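J.: Pasting my_file.cif here (mmCIF, C-alpha atoms):
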```cif
data_structure
loop_
_atom_site.label_atom_id
_atom_site.label_comp_id
_atom_site.auth_asym_id
_atom_site.auth_seq_id
_atom_site.Cartn_x
_atom_site.Cartn_y
_atom_site.Cartn_z
CA MET A 1 8.55 -6.61 -0.74
CA ASN A 2 6.63 -6.79 -4.03
CA VAL A 3 6.32 -3.46 -5.82
CA LEU A 4 4.39 -2.44 -8.95
CA ILE A 5 5.29 0.82 -10.69
CA THR A 6 3.66 2.17 -13.86
CA GLY A 7 5.14 4.78 -16.19
CA ALA A 8 8.59 3.34 -15.45
CA SER A 9 10.37 4.11 -18.72
CA ARG A 10 11.25 7.74 -18.01
CA GLY A 11 11.21 10.58 -15.53
CA ILE A 12 9.98 9.96 -12.01
CA GLY A 13 8.95 6.36 -12.69
CA PHE A 14 12.38 5.46 -14.07
CA GLU A 15 14.06 6.89 -10.98
CA LEU A 16 11.53 5.28 -8.65
CA VAL A 17 12.38 1.81 -9.91
CA LYS A 18 16.04 2.48 -9.17
CA GLN A 19 15.18 3.64 -5.65
CA PHE A 20 13.40 0.36 -4.91
CA ALA A 21 15.96 -1.79 -6.75
CA VAL A 22 18.71 -0.79 -4.31
CA ASN A 23 17.17 -3.33 -1.94
CA LYS A 24 17.76 -6.67 -3.66
CA SER A 25 14.94 -8.30 -1.68
CA ASN A 26 12.40 -6.10 -3.48
CA GLN A 27 10.66 -7.76 -6.41
CA ILE A 28 9.74 -4.97 -8.81
CA THR A 29 7.29 -5.11 -11.70
CA ALA A 30 7.83 -2.12 -13.99
CA LEU A 31 5.23 -1.25 -16.63
CA ALA A 32 5.57 1.25 -19.48
CA ARG A 33 4.97 1.57 -23.20
CA ASP A 34 8.64 1.95 -24.20
CA TYR A 35 10.12 -1.55 -23.98
CA LYS A 36 13.55 -0.39 -25.13
CA ALA A 37 13.76 2.06 -22.23
CA LEU A 38 12.53 -0.63 -19.84
CA LYS A 39 15.35 -2.93 -20.99
CA VAL A 40 17.88 -0.17 -20.28
CA LEU A 41 16.38 0.17 -16.82
CA ARG A 42 16.44 -3.58 -16.21
CA ASP A 43 20.07 -3.85 -17.30
CA PHE A 44 21.04 -0.93 -15.05
CA CYS A 45 19.32 -2.43 -12.00
CA GLN A 46 20.91 -5.80 -12.60
CA LYS A 47 24.40 -4.34 -13.03
CA GLU A 48 24.29 -1.74 -10.26
CA PHE A 49 22.17 -3.49 -7.63
CA GLY A 50 22.01 -7.14 -8.63
CA ASN A 51 18.22 -6.83 -8.79
CA GLU A 52 16.46 -8.69 -11.61
CA ILE A 53 13.40 -6.47 -12.04
CA HIS A 54 10.40 -7.65 -14.05
CA ILE A 55 9.50 -5.49 -17.04
CA TYR A 56 6.45 -5.51 -19.26
CA SER A 57 5.64 -3.26 -22.20
CA ILE A 58 2.05 -2.09 -22.04
CA ASP A 59 0.35 0.77 -23.84
CA PHE A 60 -2.55 2.17 -21.85
CA LEU A 61 -3.95 3.72 -25.03
CA SER A 62 -4.03 0.48 -27.04
CA ASP A 63 -7.16 -1.57 -27.72
CA SER A 64 -5.34 -4.58 -26.25
CA PHE A 65 -4.65 -2.85 -22.94
CA SER A 66 -7.03 -4.95 -20.87
CA ALA A 67 -5.80 -8.26 -22.31
CA ASP A 68 -2.16 -7.17 -21.92
CA LEU A 69 -2.79 -6.28 -18.30
CA ASP A 70 -4.39 -9.67 -17.68
CA ARG A 71 -1.24 -11.33 -19.00
CA VAL A 72 0.92 -9.29 -16.63
CA PHE A 73 -1.07 -10.40 -13.60
CA GLU A 74 -1.21 -13.99 -14.74
CA LYS A 75 2.57 -13.97 -15.01
CA TYR A 76 3.25 -12.08 -11.79
CA ARG A 77 0.60 -13.35 -9.38
CA PHE A 78 2.02 -11.41 -6.44
CA HIS A 79 0.59 -9.85 -3.37
CA TYR A 80 1.80 -6.33 -4.10
CA ASP A 81 2.90 -4.56 -0.94
CA ILE A 82 3.26 -1.25 -2.80
CA VAL A 83 1.53 -0.06 -5.96
CA ILE A 84 2.51 3.27 -7.48
CA ASN A 85 0.21 4.49 -10.25
CA ASN A 86 2.71 6.88 -11.78
CA ALA A 87 1.87 6.71 -15.50
CA GLY A 88 0.45 9.98 -16.75
CA TYR A 89 -0.69 11.64 -19.95
CA LEU A 90 -0.89 15.37 -20.66
CA ILE A 91 -2.27 17.49 -23.48
CA ASN A 92 -1.90 21.26 -23.42
CA LYS A 93 -4.69 22.72 -25.55
CA PRO A 94 -7.37 25.38 -25.25
CA PHE A 95 -10.64 23.83 -24.11
CA LEU A 96 -12.46 24.34 -27.42
CA ASP A 97 -9.57 22.81 -29.36
CA THR A 98 -9.57 19.65 -27.27
CA SER A 99 -10.97 16.77 -29.32
CA SER A 100 -13.02 13.84 -28.08
CA LEU A 101 -10.00 11.62 -28.73
CA ASP A 102 -7.81 13.91 -26.60
CA ILE A 103 -10.28 13.64 -23.73
CA ASP A 104 -10.61 9.87 -24.09
CA ASN A 105 -6.83 9.42 -24.07
CA LEU A 106 -6.32 11.64 -21.02
CA TYR A 107 -8.91 9.73 -19.02
CA LYS A 108 -7.73 6.33 -20.26
CA VAL A 109 -4.23 6.86 -18.87
CA ASN A 110 -4.89 9.07 -15.87
CA VAL A 111 -8.10 7.50 -14.52
CA PHE A 112 -9.24 4.30 -16.24
CA SER A 113 -5.81 2.63 -16.19
CA PRO A 114 -5.31 3.01 -12.42
CA ILE A 115 -8.83 1.64 -11.94
CA ALA A 116 -8.08 -1.38 -14.14
CA ILE A 117 -4.78 -2.02 -12.37
CA LEU A 118 -6.24 -1.81 -8.87
CA LYS A 119 -9.10 -4.15 -9.78
CA ARG A 120 -6.50 -6.77 -10.63
CA VAL A 121 -4.14 -5.97 -7.75
CA PHE A 122 -6.90 -6.30 -5.17
CA THR A 123 -7.87 -9.72 -6.57
CA PHE A 124 -4.49 -11.21 -5.58
CA LEU A 125 -4.05 -9.59 -2.18
CA GLU A 126 -3.49 -11.93 0.74
CA THR A 127 -5.60 -11.56 3.87
CA GLY A 128 -3.62 -10.04 6.71
CA ARG A 129 -0.94 -8.42 4.56
CA LYS A 130 -0.88 -4.70 3.95
CA CYS A 131 -0.97 -3.01 0.57
CA HIS A 132 -0.09 0.66 0.15
CA VAL A 133 -1.39 2.24 -3.06
CA VAL A 134 0.13 5.59 -4.01
CA ASN A 135 -1.63 7.41 -6.84
CA ILE A 136 0.47 10.13 -8.44
CA GLY A 137 -1.76 13.13 -8.93
CA SER A 138 -1.14 16.78 -9.69
CA MET A 139 -1.52 20.11 -7.98
CA GLY A 140 -3.78 20.98 -10.91
CA GLY A 141 -6.28 18.43 -9.62
CA VAL A 142 -6.41 19.83 -6.08
CA GLN A 143 -9.24 22.06 -4.94
CA GLY A 144 -8.18 25.65 -4.42
CA SER A 145 -4.76 25.32 -6.06
CA VAL A 146 -3.57 27.50 -8.93
CA LYS A 147 -5.07 26.54 -12.31
CA PHE A 148 -3.67 27.14 -15.81
CA SER A 149 -5.20 27.64 -19.24
CA GLY A 150 -4.82 24.71 -21.62
CA LEU A 151 -4.76 22.10 -18.87
CA SER A 152 -8.46 21.89 -18.02
CA ILE A 153 -9.03 18.29 -19.11
CA TYR A 154 -5.70 17.08 -17.72
CA SER A 155 -6.42 18.74 -14.38
CA SER A 156 -9.95 17.34 -14.26
CA SER A 157 -8.60 13.82 -14.82
CA LYS A 158 -6.17 14.25 -11.93
CA ALA A 159 -9.02 15.56 -9.77
CA ALA A 160 -10.91 12.36 -10.61
CA LEU A 161 -7.91 10.28 -9.52
CA ALA A 162 -7.72 12.17 -6.25
CA ASN A 163 -11.42 11.62 -5.55
CA LEU A 164 -11.09 7.95 -6.49
CA THR A 165 -8.32 7.70 -3.89
CA GLU A 166 -10.60 9.01 -1.15
CA CYS A 167 -13.50 6.75 -2.12
CA LEU A 168 -11.45 3.54 -2.38
CA ALA A 169 -9.66 4.26 0.89
CA GLU A 170 -13.04 4.38 2.60
CA GLU A 171 -14.30 1.24 0.89
CA TYR A 172 -11.20 -0.82 1.72
CA LYS A 173 -10.23 0.66 5.08
CA ASP A 174 -10.98 -2.56 6.95
CA ARG A 175 -8.99 -4.81 4.59
CA ASN A 176 -5.40 -3.71 5.22
CA ILE A 177 -5.42 -1.67 2.00
CA TYR A 178 -4.21 1.93 2.33
CA ILE A 179 -4.63 4.35 -0.55
CA ASN A 180 -3.18 7.85 -0.81
CA CYS A 181 -2.64 10.41 -3.55
CA LEU A 182 0.45 12.59 -3.90
CA ALA A 183 -0.47 15.77 -5.78
CA LEU A 184 2.84 16.79 -7.31
CA GLY A 185 3.92 20.29 -8.18
CA SER A 186 6.54 21.09 -10.80
CA VAL A 187 9.24 18.48 -11.46
CA GLN A 188 11.74 18.82 -14.31
CA THR A 189 10.29 16.17 -16.62
CA GLU A 190 9.22 15.93 -20.26
CA MET A 191 5.62 16.30 -19.13
CA LEU A 192 6.39 19.58 -17.36
CA ASN A 193 8.01 20.88 -20.54
CA MET A 194 4.82 20.04 -22.46
CA ALA A 195 2.72 21.96 -19.96
CA PHE A 196 5.11 24.89 -19.43
CA PRO A 197 7.71 25.07 -22.21
CA GLY A 198 10.97 26.58 -21.02
CA PHE A 199 10.06 26.54 -17.33
CA GLN A 200 12.83 25.28 -15.05
CA ALA A 201 11.62 23.42 -11.96
CA GLN A 202 13.59 23.36 -8.73
CA VAL A 203 12.88 19.65 -8.23
CA SER A 204 14.50 16.90 -10.34
CA PRO A 205 12.94 13.48 -11.08
CA GLU A 206 15.55 11.95 -8.77
CA ASP A 207 14.54 14.30 -5.93
CA MET A 208 10.86 13.49 -6.32
CA ALA A 209 11.51 9.76 -6.66
CA ARG A 210 13.34 9.78 -3.34
CA TYR A 211 10.39 11.51 -1.70
CA ILE A 212 7.80 9.13 -3.19
CA HIS A 213 9.90 6.11 -2.26
CA GLY A 214 10.18 7.29 1.34
CA PHE A 215 6.46 7.96 1.53
CA SER A 216 5.55 4.63 -0.03
CA VAL A 217 7.64 2.43 2.25
CA GLN A 218 6.54 4.04 5.51
CA ASP A 219 3.84 2.26 7.49
CA PRO A 220 0.62 3.82 6.12
CA ILE A 221 -1.50 2.93 9.16
CA CYS A 222 -1.72 6.61 10.18
CA VAL A 223 -2.21 8.01 6.67
CA ASN A 224 -5.08 6.76 4.52
CA GLY A 225 -7.37 8.34 1.93
CA LYS A 226 -5.34 11.55 1.90
CA ILE A 227 -4.51 13.91 -0.95
CA ILE A 228 -1.10 15.25 -0.04
CA GLN A 229 0.29 18.30 -1.81
CA VAL A 230 3.95 17.82 -2.68
CA SER A 231 5.08 21.11 -4.13
CA ASN A 232 7.37 24.02 -3.48
CA THR A 233 6.29 25.88 -6.62
CA THR A 234 3.19 25.75 -8.83
CA PRO A 235 4.13 25.33 -11.59
#
```
Take the structure from the file and write it as structure tokens.
T.:
Amino acid sequence: MNVLITGASRGIGFELVKQFAVNKSNQITALARDYKALKVLRDFCQKEFGNEIHIYSIDFLSDSFSADLDRVFEKYRFHYDIVINNAGYLINKPFLDTSSLDIDNLYKVNVFSPIAILKRVFTFLETGRKCHVVNIGSMGGVQGSVKFSGLSIYSSSKAALANLTECLAEEYKDRNIYINCLALGSVQTEMLNMAFPGFQAQVSPEDMARYIHGFSVQDPICVNGKIIQVSNTTP
């Protein structure tokens, strides 16, 4: 199975790669900005599981993002069976203090990057083979869920990702492409600490990675275009 995971250098993404690497038949492409952390992850997977994962340093905020992404897909011209858009960006600021650059950066990572990745992924898909796309959203982007001051732009970007999930699932429903969004609640990550300093979540990155892995590998034929709330507390 060919698997693509973004935001793989820390937190949930780091643990997700390890979950997939246990199976040596899985070919994993891990993307993140921090190449040093990716090398640590690659060395761990090789030593512990005998899995030679593919790593590529890519900064979704850089001007060279599009060209860098093209190089990744030229190098790894796979049919990806699973794509997990896990990379995320968060800024905690009052609405009036949020700059245009802040807004641009939030949408670049949380919305525009998944779009750019899926455009390339879909180009290389083989007819007759399934692809399960799992977009990692947030409870803050779900209609009717609890909202918090300082996270308006972040939450709106995650709402955009959730809506994109629904629209693409409809557009590609007859092409063996299944697209779902997991709207996560609080997980004890660096991002959670940015949003809610000092808050202690009940769920660890390892716990959430296990859940996402299990959801991703199941046959998605009965679940498509869904925004699934994965939370026991909010935050």
J.: Compare A:Tyr172, A:Cys167, A:Lys47, A:Asn92 by their minimum atom-to-atom distance to Asn193 in chain A, counting all atoms listed in the file, and give me the closest one.
T.: A:Asn92
J.: Dump as a PyMOL selection string all residues having an atom at most 8 Å from (-3.8, 15.1, -1.5), computed in the file's coordinates with all atoms listed in the file.
T.: chain A and resi 137+142+162+180-183+226-229
J.: Tell me which residues the PyMOL selection byres ((chain A and resi 84-87) around 7) grabs here, as a ChimeraX atom specification.
T.: /A:4-7,13,82-83,88,109,114,133-136
J.: From the set A:Val230, A:Val187, A:Val217, A:Val111, which residue has the shortest atom-to-atom contact distance to Phe199 in chain A, counting only C-alpha atoms?
T.: A:Val187
J.: Scan for residues within 10 Å of the point (-12.0, 5.8, -0.6) in the coordinates of the file, using all atoms listed in the file, and reply as a PyMOL selection string.
T.: chain A and resi 162-173+178-180+224-226
J.: Between A:Ala160, A:Leu16, A:Ala201, A:Ile28, single out the one closest to Met1 in chain A, counting all atoms listed in the file.
T.: A:Ile28
J.: For each of A:Val146, A:Val22, A:Ala67, A:Ile153, take the minimum atom-to-atom distance to Ser100 in chain A, counting only C-alpha atoms, then give the residue where this is smallest.
T.: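 Ranked by minimum distance to Ser100 in chain A, first place goes to A:Ile153.
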J.: Can you work out which one of A:Phe122, A:Phe14, A:Phe148, A:Tyr35 has the shortest atom-to-atom distance to Ile55 in chain A, counting all atoms listed in the file?
T.: A:Tyr35
J.: How many Å separate CA of Ser64 in chain A from CA of Thr123 in chain A?
T.: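 Calculated distance between CA of Ser64 in chain A and CA of Thr123 in chain A is 20.5 Å.
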J.: Neighbours of Ser155 in chain A within 10 Å (only C-alpha atoms; same-chain residues fewer than 3 positions away dropped), as a PyMOL selection string?
T.: chain A and resi 90+106+110+137-142+147-148+150-152+158-161
J.: Using all atoms listed in the file, pick whichever of A:Leu61, A:Ile177, A:Ile115, A:Cys45 has the shortest atom-to-atom distance to Tyr89 in chain A.
T.: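 Using all atoms listed in the file, Tyr89 in chain A sits closest to A:Leu61.
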